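Worksheet: one structure, shown below.
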Amino acid sequence: MEPKRKADIAVIVTCHNYGRYLRQCLRSIETQVLKPAFVLVVDDASTDETGEVARQFPEMEYRRVEFQNGNRSRNYGFNHVSAEWVVFFDADNYMSPEFLDVLHGAARSRPGIDFVYCDRINFTHGDGSWHHEPDGVRKSGPFQPERLRKGNYVDVASLLRSDRFPGFDESIRRYQDWDLWLNIVLRQHGRGHYVPKPLYFYRIHDANISRRESDDRAVWRVRRKYRLGVYFNLPLVRDARWLFCVLRRLKRTVFGRGR
(Lines give C-alpha, C1' and ligand atoms only; values in the text may rest on other atoms or scores of the structure.)
Protein backbone atom coordinates (compact mmCIF):
# COMPACT_ATOMS: atom_id res chain seq x y z
CA MET A 1 0.00 0.00 0.00
CA GLU A 2 1.29 3.44 -0.92
CA PRO A 3 2.08 5.50 2.22
CA LYS A 4 -0.08 8.52 2.83
CA ARG A 5 1.50 11.79 1.78
CA LYS A 6 1.19 14.71 4.18
CA ALA A 7 1.99 18.39 3.95
CA ASP A 8 2.39 21.15 6.53
CA ILE A 9 -1.11 22.49 5.88
CA ALA A 10 -3.83 23.41 8.36
CA VAL A 11 -7.43 23.36 7.12
CA ILE A 12 -9.85 25.49 9.12
CA VAL A 13 -13.52 24.68 8.54
CA THR A 14 -16.00 27.24 9.86
CA CYS A 15 -19.61 26.27 10.42
CA HIS A 16 -22.81 27.91 11.63
CA ASN A 17 -25.87 25.67 11.34
CA TYR A 18 -24.46 23.84 8.33
CA GLY A 19 -24.50 20.43 10.01
CA ARG A 20 -26.50 19.02 7.08
CA TYR A 21 -23.56 19.83 4.78
CA LEU A 22 -20.65 19.31 7.16
CA ARG A 23 -20.28 15.54 6.72
CA GLN A 24 -19.70 15.86 2.97
CA CYS A 25 -17.22 18.67 3.57
CA LEU A 26 -15.18 16.74 6.16
CA ARG A 27 -15.20 13.55 4.11
CA SER A 28 -13.78 15.49 1.18
CA ILE A 29 -10.92 16.63 3.42
CA GLU A 30 -10.46 13.15 4.84
CA THR A 31 -10.07 11.67 1.35
CA GLN A 32 -7.54 14.17 0.04
CA VAL A 33 -4.68 12.72 -2.02
CA LEU A 34 -2.34 14.96 -0.02
CA LYS A 35 -3.28 14.89 3.66
CA PRO A 36 -3.22 18.09 5.72
CA ALA A 37 -1.25 18.05 8.96
CA PHE A 38 -4.17 19.48 10.91
CA VAL A 39 -7.92 20.00 10.48
CA LEU A 40 -9.89 22.22 12.84
CA VAL A 41 -13.67 22.59 12.78
CA VAL A 42 -14.85 25.84 14.38
CA ASP A 43 -18.53 25.63 15.26
CA ASP A 44 -19.86 29.14 15.77
CA ALA A 45 -23.01 28.94 17.91
CA SER A 46 -24.75 26.26 15.84
CA THR A 47 -28.11 24.99 17.10
CA ASP A 48 -28.28 22.01 14.72
CA GLU A 49 -26.36 18.73 14.48
CA THR A 50 -22.98 20.35 13.69
CA GLY A 51 -21.31 19.14 16.88
CA GLU A 52 -22.57 15.58 16.46
CA VAL A 53 -21.34 15.40 12.87
CA ALA A 54 -17.93 16.87 13.69
CA ARG A 55 -17.36 14.34 16.48
CA GLN A 56 -17.75 11.53 13.95
CA PHE A 57 -14.32 12.58 12.63
CA PRO A 58 -12.11 12.06 15.72
CA GLU A 59 -8.89 12.72 13.80
CA MET A 60 -10.09 16.30 13.29
CA GLU A 61 -10.23 18.78 16.14
CA TYR A 62 -13.58 20.33 17.05
CA ARG A 63 -14.07 23.59 18.93
CA ARG A 64 -17.25 25.46 19.69
CA VAL A 65 -17.41 29.25 20.04
CA GLU A 66 -20.24 31.73 20.53
CA PHE A 67 -19.14 34.57 18.29
CA GLN A 68 -21.87 34.59 15.63
CA ASN A 69 -19.27 36.18 13.41
CA GLY A 70 -17.70 34.17 10.60
CA ASN A 71 -14.52 36.21 10.37
CA ARG A 72 -13.94 36.08 14.10
CA SER A 73 -14.36 32.30 13.91
CA ARG A 74 -11.75 32.12 11.15
CA ASN A 75 -9.32 34.23 13.17
CA TYR A 76 -9.93 32.05 16.21
CA GLY A 77 -9.20 28.96 14.14
CA PHE A 78 -5.97 30.42 12.79
CA ASN A 79 -4.80 31.25 16.31
CA HIS A 80 -5.25 27.59 17.31
CA VAL A 81 -3.26 25.95 14.52
CA SER A 82 0.37 26.01 13.47
CA ALA A 83 1.41 25.19 9.91
CA GLU A 84 3.31 26.68 7.01
CA TRP A 85 0.16 26.89 4.89
CA VAL A 86 -3.49 27.42 5.80
CA VAL A 87 -6.79 26.88 3.99
CA PHE A 88 -10.00 28.51 5.19
CA PHE A 89 -12.98 26.47 4.05
CA ASP A 90 -16.73 26.93 4.52
CA ALA A 91 -18.68 23.92 5.76
CA ASP A 92 -21.30 24.09 3.00
CA ASN A 93 -18.69 23.47 0.28
CA TYR A 94 -16.48 20.47 -0.42
CA MET A 95 -13.14 19.69 -2.08
CA SER A 96 -12.20 17.47 -4.97
CA PRO A 97 -9.65 14.80 -3.91
CA GLU A 98 -6.79 16.69 -5.61
CA PHE A 99 -7.52 20.11 -4.11
CA LEU A 100 -4.64 20.24 -1.61
CA ASP A 101 -2.24 18.23 -3.76
CA VAL A 102 -2.51 20.48 -6.81
CA LEU A 103 -2.44 23.79 -4.93
CA HIS A 104 0.46 22.73 -2.70
CA GLY A 105 2.40 21.42 -5.69
CA ALA A 106 1.96 24.74 -7.47
CA ALA A 107 3.14 26.64 -4.39
CA ARG A 108 6.24 24.49 -3.92
CA SER A 109 7.30 24.87 -7.54
CA ARG A 110 7.10 28.67 -7.35
CA PRO A 111 9.21 30.13 -4.53
CA GLY A 112 7.97 33.50 -3.32
CA ILE A 113 4.30 32.82 -4.01
CA ASP A 114 2.07 33.84 -1.10
CA PHE A 115 -1.22 32.23 -2.09
CA VAL A 116 -2.52 29.80 -4.70
CA TYR A 117 -6.10 29.71 -5.95
CA CYS A 118 -8.13 27.80 -8.51
CA ASP A 119 -11.46 27.57 -10.32
CA ARG A 120 -14.58 26.19 -8.67
CA ILE A 121 -17.76 24.37 -9.62
CA ASN A 122 -21.00 26.13 -8.67
CA PHE A 123 -23.98 23.91 -7.93
CA THR A 124 -27.42 24.85 -6.67
CA HIS A 125 -29.05 23.23 -3.66
CA GLY A 126 -32.65 24.41 -3.37
CA ASP A 127 -33.57 27.91 -4.52
CA GLY A 128 -30.63 29.52 -6.28
CA SER A 129 -32.59 31.95 -8.44
CA TRP A 130 -31.21 34.90 -6.47
CA HIS A 131 -27.57 34.04 -7.29
CA HIS A 132 -25.89 35.96 -10.11
CA GLU A 133 -23.70 33.06 -11.30
CA PRO A 134 -24.93 29.95 -13.17
CA ASP A 135 -24.18 26.38 -12.20
CA GLY A 136 -20.99 24.90 -13.65
CA VAL A 137 -17.35 25.91 -13.74
CA ARG A 138 -16.61 29.40 -12.51
CA LYS A 139 -13.18 30.50 -13.75
CA SER A 140 -11.09 32.82 -11.61
CA GLY A 141 -8.39 33.92 -14.06
CA PRO A 142 -4.67 34.76 -13.83
CA PHE A 143 -3.29 36.81 -10.97
CA GLN A 144 -3.44 40.51 -11.85
CA PRO A 145 -3.15 43.12 -9.05
CA GLU A 146 -4.87 45.79 -11.13
CA ARG A 147 -7.83 43.53 -11.78
CA LEU A 148 -8.03 42.77 -8.06
CA ARG A 149 -8.37 46.48 -7.34
CA LYS A 150 -11.52 46.56 -9.48
CA GLY A 151 -13.21 43.54 -7.95
CA ASN A 152 -12.62 40.15 -6.41
CA TYR A 153 -11.96 37.00 -8.41
CA VAL A 154 -10.08 34.93 -5.76
CA ASP A 155 -12.19 32.85 -3.40
CA VAL A 156 -11.33 32.42 0.26
CA ALA A 157 -10.93 28.67 -0.45
CA SER A 158 -7.28 29.02 -1.42
CA LEU A 159 -3.89 27.93 -0.10
CA LEU A 160 -2.31 30.78 1.87
CA ARG A 161 1.15 31.11 3.39
CA SER A 162 0.50 31.46 7.12
CA ASP A 163 3.09 34.17 7.74
CA ARG A 164 1.26 36.38 5.23
CA PHE A 165 -2.14 36.09 6.90
CA PRO A 166 -3.12 39.54 8.29
CA GLY A 167 -6.31 38.37 10.01
CA PHE A 168 -9.85 38.79 8.74
CA ASP A 169 -11.55 42.12 9.36
CA GLU A 170 -14.29 41.15 11.83
CA SER A 171 -16.41 44.19 10.93
CA ILE A 172 -16.89 42.90 7.36
CA ARG A 173 -19.60 40.29 6.71
CA ARG A 174 -19.25 39.94 2.95
CA TYR A 175 -16.32 40.10 0.56
CA GLN A 176 -13.96 39.09 3.35
CA ASP A 177 -12.00 37.21 0.69
CA TRP A 178 -11.55 40.38 -1.39
CA ASP A 179 -10.51 42.28 1.73
CA LEU A 180 -7.98 39.54 2.58
CA TRP A 181 -6.33 39.51 -0.86
CA LEU A 182 -6.28 43.31 -1.12
CA ASN A 183 -4.50 43.45 2.23
CA ILE A 184 -1.88 40.92 1.15
CA VAL A 185 -1.37 42.33 -2.35
CA LEU A 186 -1.66 46.10 -1.78
CA ARG A 187 -0.28 46.45 1.75
CA GLN A 188 2.18 43.55 1.88
CA HIS A 189 3.06 43.48 -1.84
CA GLY A 190 2.28 39.77 -1.90
CA ARG A 191 1.83 37.61 -4.99
CA GLY A 192 -0.70 34.99 -5.96
CA HIS A 193 -0.73 32.16 -8.47
CA TYR A 194 -3.68 30.81 -10.45
CA VAL A 195 -4.27 27.11 -11.13
CA PRO A 196 -6.75 26.83 -14.04
CA LYS A 197 -8.58 23.79 -12.69
CA PRO A 198 -11.94 23.48 -10.87
CA LEU A 199 -10.86 21.87 -7.60
CA TYR A 200 -13.76 22.45 -5.21
CA PHE A 201 -17.53 22.63 -5.20
CA TYR A 202 -19.37 25.79 -4.16
CA ARG A 203 -22.90 25.25 -2.91
CA ILE A 204 -25.53 27.90 -3.76
CA HIS A 205 -28.43 27.80 -1.30
CA ASP A 206 -30.87 30.14 0.39
CA ALA A 207 -28.84 30.40 3.62
CA ASN A 208 -25.72 31.84 1.94
CA ILE A 209 -24.50 35.01 3.65
CA SER A 210 -24.26 36.56 0.16
CA ARG A 211 -28.06 36.55 0.01
CA ARG A 212 -28.50 38.34 3.33
CA GLU A 213 -26.56 41.55 2.72
CA SER A 214 -26.72 44.15 -0.02
CA ASP A 215 -24.05 43.55 -2.66
CA ASP A 216 -23.57 47.27 -3.32
CA ARG A 217 -23.15 48.07 0.37
CA ALA A 218 -20.63 45.26 0.88
CA VAL A 219 -18.52 46.36 -2.11
CA TRP A 220 -18.64 49.97 -0.94
CA ARG A 221 -17.25 49.02 2.50
CA VAL A 222 -14.21 47.32 1.00
CA ARG A 223 -13.58 50.02 -1.59
CA ARG A 224 -13.73 52.68 1.09
CA LYS A 225 -11.25 50.78 3.29
CA TYR A 226 -8.61 50.66 0.53
CA ARG A 227 -9.52 54.01 -1.09
CA LEU A 228 -10.21 52.33 -4.41
CA GLY A 229 -11.50 54.65 -7.12
CA VAL A 230 -11.67 58.40 -7.58
CA TYR A 231 -14.59 58.76 -5.18
CA PHE A 232 -12.58 57.61 -2.17
CA ASN A 233 -9.58 59.79 -3.06
CA LEU A 234 -11.57 63.02 -2.82
CA PRO A 235 -11.33 64.18 0.82
CA LEU A 236 -14.44 66.38 0.69
CA VAL A 237 -16.64 63.62 -0.76
CA ARG A 238 -15.03 60.93 1.36
CA ASP A 239 -15.78 62.79 4.58
CA ALA A 240 -19.23 64.01 3.55
CA ARG A 241 -21.10 61.52 5.72
CA TRP A 242 -18.93 62.28 8.74
CA LEU A 243 -19.50 66.01 8.24
CA PHE A 244 -23.25 65.49 7.86
CA CYS A 245 -23.41 63.58 11.17
CA VAL A 246 -21.43 66.30 12.97
CA LEU A 247 -23.70 69.05 11.64
CA ARG A 248 -26.83 67.11 12.56
CA ARG A 249 -25.62 66.65 16.13
CA LEU A 250 -24.69 70.31 16.35
CA LYS A 251 -28.16 71.31 15.13
CA ARG A 252 -29.80 69.13 17.76
CA THR A 253 -27.59 70.61 20.48
CA VAL A 254 -28.27 74.21 19.52
CA PHE A 255 -31.93 74.06 18.49
CA GLY A 256 -33.14 71.09 20.49
CA ARG A 257 -34.40 67.67 19.42
CA GLY A 258 -37.98 68.72 19.05
CA ARG A 259 -37.35 71.11 16.20
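The chains in the C-alpha coordinates are called A, B, ... from first to last as shown; in each chain the residues are counted from 1, and the ligands are counted from 1 in the order shown.
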
For A:Phe88, find every residue with an atom within 7 Å (counting only C-alpha atoms), except residues of its own chain fewer than 4 positions away, and show them as a PyMOL selection string. chain A and resi 11-13+156-157

With N, CA and C atoms retained, write the just-selected residues as a PDB file, in the first residue's frame.
```
ATOM      1  N   VAL A  11      -6.133  23.023   7.716  1.00  0.00           N
ATOM      2  CA  VAL A  11      -7.426  23.356   7.118  1.00  0.00           C
ATOM      3  C   VAL A  11      -8.373  23.768   8.240  1.00  0.00           C
ATOM      4  N   ILE A  12      -8.923  24.961   8.122  1.00  0.00           N
ATOM      5  CA  ILE A  12      -9.853  25.488   9.121  1.00  0.00           C
ATOM      6  C   ILE A  12     -11.241  25.539   8.499  1.00  0.00           C
ATOM      7  N   VAL A  13     -12.147  24.747   9.035  1.00  0.00           N
ATOM      8  CA  VAL A  13     -13.522  24.679   8.536  1.00  0.00           C
ATOM      9  C   VAL A  13     -14.414  25.445   9.507  1.00  0.00           C
ATOM     10  N   VAL A 156     -12.022  32.667  -1.004  1.00  0.00           N
ATOM     11  CA  VAL A 156     -11.325  32.419   0.259  1.00  0.00           C
ATOM     12  C   VAL A 156     -10.795  30.990   0.326  1.00  0.00           C
ATOM     13  N   ALA A 157     -11.374  30.066  -0.422  1.00  0.00           N
ATOM     14  CA  ALA A 157     -10.931  28.669  -0.449  1.00  0.00           C
ATOM     15  C   ALA A 157      -9.670  28.551  -1.289  1.00  0.00           C
TER      16      ALA A 157
END
```

Mind listing the strand (DSSP E) residues of stretch 62-177 of chain A, per DSSP on the backbone, as an MDAnalysis selection string? chainID A and resid 62:65 85:90 94:95 115:124 136:138 159:161

Would you mind exporting the chosen residues as a PDB file, in the first residue's frame, restricted to N, CA and C atoms?
```pdb
ATOM      1  N   TYR A  62     -12.305  19.597  17.053  1.00  0.00           N
ATOM      2  CA  TYR A  62     -13.579  20.332  17.049  1.00  0.00           C
ATOM      3  C   TYR A  62     -13.582  21.327  18.194  1.00  0.00           C
ATOM      4  N   ARG A  63     -13.940  22.558  17.903  1.00  0.00           N
ATOM      5  CA  ARG A  63     -14.066  23.594  18.935  1.00  0.00           C
ATOM      6  C   ARG A  63     -15.341  24.390  18.691  1.00  0.00           C
ATOM      7  N   ARG A  64     -16.027  24.676  19.769  1.00  0.00           N
ATOM      8  CA  ARG A  64     -17.248  25.458  19.686  1.00  0.00           C
ATOM      9  C   ARG A  64     -17.002  26.847  20.267  1.00  0.00           C
ATOM     10  N   VAL A  65     -17.503  27.860  19.577  1.00  0.00           N
ATOM     11  CA  VAL A  65     -17.412  29.246  20.036  1.00  0.00           C
ATOM     12  C   VAL A  65     -18.797  29.866  19.948  1.00  0.00           C
ATOM     13  N   TRP A  85       1.232  26.461   5.785  1.00  0.00           N
ATOM     14  CA  TRP A  85       0.161  26.886   4.894  1.00  0.00           C
ATOM     15  C   TRP A  85      -1.183  26.711   5.586  1.00  0.00           C
ATOM     16  N   VAL A  86      -2.152  27.528   5.212  1.00  0.00           N
ATOM     17  CA  VAL A  86      -3.490  27.425   5.803  1.00  0.00           C
ATOM     18  C   VAL A  86      -4.542  27.533   4.702  1.00  0.00           C
ATOM     19  N   VAL A  87      -5.625  26.802   4.881  1.00  0.00           N
ATOM     20  CA  VAL A  87      -6.785  26.879   3.990  1.00  0.00           C
ATOM     21  C   VAL A  87      -8.005  27.165   4.852  1.00  0.00           C
ATOM     22  N   PHE A  88      -8.731  28.214   4.530  1.00  0.00           N
ATOM     23  CA  PHE A  88     -10.005  28.507   5.189  1.00  0.00           C
ATOM     24  C   PHE A  88     -11.111  27.970   4.295  1.00  0.00           C
ATOM     25  N   PHE A  89     -11.979  27.148   4.876  1.00  0.00           N
ATOM     26  CA  PHE A  89     -12.981  26.473   4.051  1.00  0.00           C
ATOM     27  C   PHE A  89     -14.339  26.522   4.743  1.00  0.00           C
ATOM     28  N   ASP A  90     -15.372  26.862   3.976  1.00  0.00           N
ATOM     29  CA  ASP A  90     -16.728  26.926   4.522  1.00  0.00           C
ATOM     30  C   ASP A  90     -17.371  25.553   4.511  1.00  0.00           C
ATOM     31  N   TYR A  94     -17.346  21.635  -0.586  1.00  0.00           N
ATOM     32  CA  TYR A  94     -16.484  20.475  -0.417  1.00  0.00           C
ATOM     33  C   TYR A  94     -15.419  20.437  -1.506  1.00  0.00           C
ATOM     34  N   MET A  95     -14.316  19.727  -1.218  1.00  0.00           N
ATOM     35  CA  MET A  95     -13.143  19.691  -2.076  1.00  0.00           C
ATOM     36  C   MET A  95     -13.159  18.486  -3.006  1.00  0.00           C
ATOM     37  N   PHE A 115       0.029  32.982  -2.101  1.00  0.00           N
ATOM     38  CA  PHE A 115      -1.221  32.226  -2.086  1.00  0.00           C
ATOM     39  C   PHE A 115      -1.479  31.629  -3.461  1.00  0.00           C
ATOM     40  N   VAL A 116      -2.183  30.509  -3.457  1.00  0.00           N
ATOM     41  CA  VAL A 116      -2.516  29.803  -4.695  1.00  0.00           C
ATOM     42  C   VAL A 116      -4.022  29.568  -4.712  1.00  0.00           C
ATOM     43  N   TYR A 117      -4.652  29.861  -5.837  1.00  0.00           N
ATOM     44  CA  TYR A 117      -6.100  29.713  -5.946  1.00  0.00           C
ATOM     45  C   TYR A 117      -6.456  28.990  -7.236  1.00  0.00           C
ATOM     46  N   CYS A 118      -7.711  28.623  -7.363  1.00  0.00           N
ATOM     47  CA  CYS A 118      -8.131  27.803  -8.509  1.00  0.00           C
ATOM     48  C   CYS A 118      -9.552  28.176  -8.929  1.00  0.00           C
ATOM     49  N   ASP A 119     -10.063  27.434  -9.902  1.00  0.00           N
ATOM     50  CA  ASP A 119     -11.457  27.572 -10.316  1.00  0.00           C
ATOM     51  C   ASP A 119     -12.341  26.750  -9.379  1.00  0.00           C
ATOM     52  N   ARG A 120     -13.646  26.950  -9.493  1.00  0.00           N
ATOM     53  CA  ARG A 120     -14.583  26.186  -8.667  1.00  0.00           C
ATOM     54  C   ARG A 120     -15.767  25.747  -9.521  1.00  0.00           C
ATOM     55  N   ILE A 121     -16.541  24.824  -8.965  1.00  0.00           N
ATOM     56  CA  ILE A 121     -17.758  24.369  -9.622  1.00  0.00           C
ATOM     57  C   ILE A 121     -18.958  24.822  -8.789  1.00  0.00           C
ATOM     58  N   ASN A 122     -19.765  25.698  -9.342  1.00  0.00           N
ATOM     59  CA  ASN A 122     -20.999  26.126  -8.672  1.00  0.00           C
ATOM     60  C   ASN A 122     -22.079  25.059  -8.856  1.00  0.00           C
ATOM     61  N   PHE A 123     -22.810  24.781  -7.782  1.00  0.00           N
ATOM     62  CA  PHE A 123     -23.978  23.909  -7.929  1.00  0.00           C
ATOM     63  C   PHE A 123     -25.061  24.375  -6.971  1.00  0.00           C
ATOM     64  N   THR A 124     -26.288  24.323  -7.423  1.00  0.00           N
ATOM     65  CA  THR A 124     -27.421  24.854  -6.665  1.00  0.00           C
ATOM     66  C   THR A 124     -28.080  23.775  -5.831  1.00  0.00           C
ATOM     67  N   GLY A 136     -22.087  25.284 -12.765  1.00  0.00           N
ATOM     68  CA  GLY A 136     -20.994  24.905 -13.648  1.00  0.00           C
ATOM     69  C   GLY A 136     -19.690  25.531 -13.218  1.00  0.00           C
ATOM     70  N   VAL A 137     -18.692  25.422 -14.067  1.00  0.00           N
ATOM     71  CA  VAL A 137     -17.353  25.905 -13.735  1.00  0.00           C
ATOM     72  C   VAL A 137     -17.321  27.426 -13.723  1.00  0.00           C
ATOM     73  N   ARG A 138     -16.806  27.949 -12.627  1.00  0.00           N
ATOM     74  CA  ARG A 138     -16.607  29.402 -12.507  1.00  0.00           C
ATOM     75  C   ARG A 138     -15.104  29.649 -12.518  1.00  0.00           C
ATOM     76  N   LEU A 159      -5.021  28.305  -0.950  1.00  0.00           N
ATOM     77  CA  LEU A 159      -3.886  27.932  -0.103  1.00  0.00           C
ATOM     78  C   LEU A 159      -3.067  29.186   0.182  1.00  0.00           C
ATOM     79  N   LEU A 160      -2.925  29.522   1.462  1.00  0.00           N
ATOM     80  CA  LEU A 160      -2.307  30.780   1.870  1.00  0.00           C
ATOM     81  C   LEU A 160      -1.110  30.520   2.778  1.00  0.00           C
ATOM     82  N   ARG A 161      -0.025  31.203   2.511  1.00  0.00           N
ATOM     83  CA  ARG A 161       1.151  31.106   3.388  1.00  0.00           C
ATOM     84  C   ARG A 161       0.802  31.751   4.735  1.00  0.00           C
TER      85      ARG A 161
END
```

Pull the closest atom pair for each residue of stretch 56-123 of chain A that gets at most 10 Å from stretch 24-29 of chain A, along with the distance in Å to one decimal, counting only C-alpha atoms, ordering rows by chain and then ascending residue number, as JSON lines.
```
{"residue": "A:Gln56", "atom": "CA", "partner": "A:Leu26", "partner_atom": "CA", "distance": 9.7}
{"residue": "A:Phe57", "atom": "CA", "partner": "A:Leu26", "partner_atom": "CA", "distance": 7.7}
{"residue": "A:Met60", "atom": "CA", "partner": "A:Leu26", "partner_atom": "CA", "distance": 8.8}
{"residue": "A:Phe89", "atom": "CA", "partner": "A:Cys25", "partner_atom": "CA", "distance": 8.9}
{"residue": "A:Asp90", "atom": "CA", "partner": "A:Cys25", "partner_atom": "CA", "distance": 8.3}
{"residue": "A:Ala91", "atom": "CA", "partner": "A:Cys25", "partner_atom": "CA", "distance": 5.9}
{"residue": "A:Asp92", "atom": "CA", "partner": "A:Cys25", "partner_atom": "CA", "distance": 6.8}
{"residue": "A:Asn93", "atom": "CA", "partner": "A:Cys25", "partner_atom": "CA", "distance": 6.0}
{"residue": "A:Tyr94", "atom": "CA", "partner": "A:Cys25", "partner_atom": "CA", "distance": 4.4}
{"residue": "A:Met95", "atom": "CA", "partner": "A:Ser28", "partner_atom": "CA", "distance": 5.4}
{"residue": "A:Ser96", "atom": "CA", "partner": "A:Ser28", "partner_atom": "CA", "distance": 6.6}
{"residue": "A:Pro97", "atom": "CA", "partner": "A:Ser28", "partner_atom": "CA", "distance": 6.6}
{"residue": "A:Glu98", "atom": "CA", "partner": "A:Ser28", "partner_atom": "CA", "distance": 9.8}
{"residue": "A:Phe99", "atom": "CA", "partner": "A:Ile29", "partner_atom": "CA", "distance": 9.0}
{"residue": "A:Leu100", "atom": "CA", "partner": "A:Ile29", "partner_atom": "CA", "distance": 8.8}
```

Taking only C-alpha atoms into account, name the residue in A:Val154, A:Val254, A:Val195, A:Val102 that is nearest to A:Leu182. A:Val154

For A:Pro145, list every protein, DNA or RNA residue within 12 Å, evaluated using only C-alpha atoms, and leave out those in the same chain fewer than 5 positions away; present the list as a list of chain:residue names. A:Lys150, A:Gly151, A:Asn152, A:Tyr153, A:Val154, A:Trp178, A:Trp181, A:Leu182, A:Asn183, A:Ile184, A:Val185, A:Leu186, A:Arg187, A:His189, A:Gly190, A:Arg191, A:Gly192, A:His193

Closest to A:Asp114 among A:Arg74, A:Lys225, A:Arg248, A:Arg164, using only C-alpha atoms?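 Closest to A:Asp114, using only C-alpha atoms: A:Arg164.
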
Quick one: everything within 9 Å of A:Ser171, counting only C-alpha atoms, minus sequence neighbours fewer than 3 positions away in the same chain. Send it as a CSV table (one decimal) with N, CA, C and O atoms, in the first residue's frame.
```csv
chain,number,residue,atom,x,y,z
A,69,ASN,N,-20.0,35.3,14.3
A,69,ASN,CA,-19.3,36.2,13.4
A,69,ASN,C,-18.3,35.3,12.7
A,69,ASN,O,-17.3,34.8,13.3
A,71,ASN,N,-15.9,35.8,10.4
A,71,ASN,CA,-14.5,36.2,10.4
A,71,ASN,C,-13.8,36.1,11.7
A,71,ASN,O,-12.6,35.7,11.8
A,168,PHE,N,-8.6,38.3,9.4
A,168,PHE,CA,-9.8,38.8,8.7
A,168,PHE,C,-10.4,40.0,9.5
A,168,PHE,O,-10.4,40.0,10.7
```

Taking 3 positions as the minimum chain separation for residues in the same chain, which residues sit within 9 Å of A:Ala218 when counting only C-alpha atoms? Answer as a count of residues only. 10

Please identify the helix (DSSP H, G or I) residues within stretch 44-193 of chain A (assignment by DSSP from backbone atoms) and present them as a VMD selection string. chain A and resid 50 to 54 70 to 78 99 to 108 145 to 150 162 to 164 176 to 187

From A:Tyr194, A:Phe255, A:Phe201, A:Phe78, residue lying nearest A:Pro142 [only C-alpha atoms]: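 Looking at the shortest contact to A:Pro142, the residue is A:Tyr194.
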